[in-house]
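Enquirer: Could you have a look at this structure, given as structure tokens, before my questions?
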There are 2 protein chains.
Amino acid sequence: MGAMGPTDEAELAERLVDGDRRALARALSRVEDGSEAVLAHLIARLHPRTGNAALVGITGSPGVGKSTLTSALVAVWRARGRSVAVLAIDPSSPFSGGALLGDRVRMGDHALDSGVFIRSMASRGHLGGLSWATPQALLVLDAAGFDVVILETVGVGQAEVEVAGVADTTVVTMAPGMGDAVQAAKAGILEVADVFAVNKADRDGADRAVRELQEMQKLGHGAWLAPILRTVAAQSKGVDELVDAITEHREWLVREGVLRERRLARARLQIREIALATLRARMGEVDEGGDLDQVADLVAQRQIDPYEGAARLVAIVER
Amino acid sequence: MGAMGPTDEAELAERLVDGDRRALARALSRVEDGSEAVLAHLIARLHPRTGNAALVGITGSPGVGKSTLTSALVAVWRARGRSVAVLAIDPSSPFSGGALLGDRVRMGDHALDSGVFIRSMASRGHLGGLSWATPQALLVLDAAGFDVVILETVGVGQAEVEVAGVADTTVVTMAPGMGDAVQAAKAGILEVADVFAVNKADRDGADRAVRELQEMQKLGHGAWLAPILRTVAAQSKGVDELVDAITEHREWLVREGVLRERRLARARLQIREIALATLRARMGEVDEGGDLDQVADLVAQRQIDPYEGAARLVAIVER
């Protein structure tokens, strides 16, 4: 394989926008593994074609049935004639284990449907958190023309809050007896919920879970009061209503100008992340050039302290 | 409380080096919560006084008995007349739960011993990973004059590998039936081990665990062949031998010049982290100044792409 020039990226971008699924898969691999320079070319070409997809985040603790719910949501949107892409964030550590394989097999219900695209992406380093490639991958799926792009996190804690930073509508999924509302509140998860789905709602404790959420909401909420829906994803129960709630939330976002605000905040975050990556890459060049070694040697010998060393490195980077 | 000037930091540093435990606790809080400027003053003063402590990392999956082993190690070092500080990294997410409280109570055996200092630190964001404040905290404990500084991770996966980046000697702890050697090898944990402790060695499967590690080592190892020790930390069995192995490893590090190399690599990493934090802080200033808003607006409106936006931000930061 030769080096990728801007022309290759331009061609890839064009094929992707035209609906070529192989080009899409390749572009996503580029997002995961490609160099910054290659990615910059690709994103520059795709970015003007984005902004049409509804970005929906599905989050919640392990075991609440996120993947089953995602699959059921896909089915409802397909029945309504919308194309759907799913980006599932998998924790990269072999220690987290879990039902990933089973999840993907279940999503296989949609394997033969060309209006559905499913892709898993490792979370790299941040255990269960979102890799910084996530916004880029969403942008690629948006440019590919999907009406709905679902971001499903498999992680815990951090990822559940981070997903709200990149989605238009965040669905926080819970299940009876699986971690209570108080715990979720502590982790800052209630605040990021645009819609609550109490899944496995045919089980004991569903009423209590709904009541707890209602009680928490009485303590305060923003301009949008997140509706609390009951679903039994495995039987596709309540999923139509969930899609309605997500749609209503999006209409509200547009009507109130909140979508514009969220996109602005997202752009700000993304710009900062890319800028940091750029500066980090430049530091890598300084490292390879041997300049950092000299500074590090002075620090290791206690002739200068690490902050003085860092100041010298920044000066070299900015030279 | 008024603003902290360089003079306050100088006094705090002096009291800390003189053995004042309250000053030490305060300095560590400064590391966790203080501004970069305050921290820089403090570290600048402490850094010349560091380099004497043996930095020992204790890592391993949850449930292998790390905290019990740490407590037993502290007892052995104390019996040999060495002062010991323990820095325990706690995952910050409320979802990770676990036996933290119990662990700290157990460490209470040493509560009345002035030659022992124990401190927990949140891992902030990186679930189970090390916060970037960790190297600074180790530096503070080193400057406080402890002969041995133990870094104990409570996390999984990432943290187990990261700990090796900041410790002189990394003890990888395992237990019969708790995650096998193959899994550890996949996660890159075997490579970072300087000493293996098969804890709970009185249980069934200990022989198998040791044999598996030996088999993995036959596939290849570096200049140092990590010894595999059996411990029953709850009964203090094998812990003397573990301290001997850690001591031997340190003597080897010094003899072969590897300690110098590791310190150089550490300094390099630390300088880069601080430099990045500096640049990130400058971006924050740009953000507050409103310049980033303008760029983000252009990106959100698809007039420029995020990479072009990032390039503009970098230009502003370097102005």
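Following the order of the structure tokens, chains are lettered A, B, ..., residues in each are numbered from 1, and ligands are numbered from 1.
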Hey, list the chain B side of the contact with chain A: 6 Å cut-off, only C-alpha atoms, answer as a ChimeraX atom specification.

Expert: /B:40,44,47-48,93,126-127,157,263-264,267-268,271,274-275,296,300,302,305-307,309-310,314

Enquirer: So that I can see what lies close to Leu73 of chain A, please list as a PyMOL selection string the residues with an atom at most 12 Å from it, counting only C-alpha atoms and leaving out residues fewer than 5 positions away in the same chain.

Expert: chain A and resi 56-58+66-68+78-80+82-86+107+110+116+148-150+152+171+197+231-246

Enquirer: Can you tell me, as number ranges by chain, what residues are no more than 12 Å from Glu32 of chain B when counting only C-alpha atoms, ignoring any on the same chain fewer than 4 positions away?

Expert: B: 25-28, 36, 38-39, 89, 119-124, 131-138, 140

Enquirer: Using atom CA of Thr153 of chain B and atom CA of Asp168 of chain B as the two end points, give the distance in Å to one decimal.

Expert: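 These two atoms are separated by 15.0 Å.
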
Enquirer: Tell me which of A:Asn52, A:Asn199, A:Ser35, A:Ser71 sits closest to Met174 of chain A, counting only C-alpha atoms.

Expert: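 Closest residue, counting only C-alpha atoms: A:Asn199.
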
Enquirer: How many Å separate atom CA of Gly257 of chain B from atom CA of Val163 of chain B?

Expert: 20.5 Å

Enquirer: Record the distance separating atom CA of Asp202 of chain B and atom CA of Ala226 of chain B, expressed in Å with one decimal.

Expert: 21.4 Å
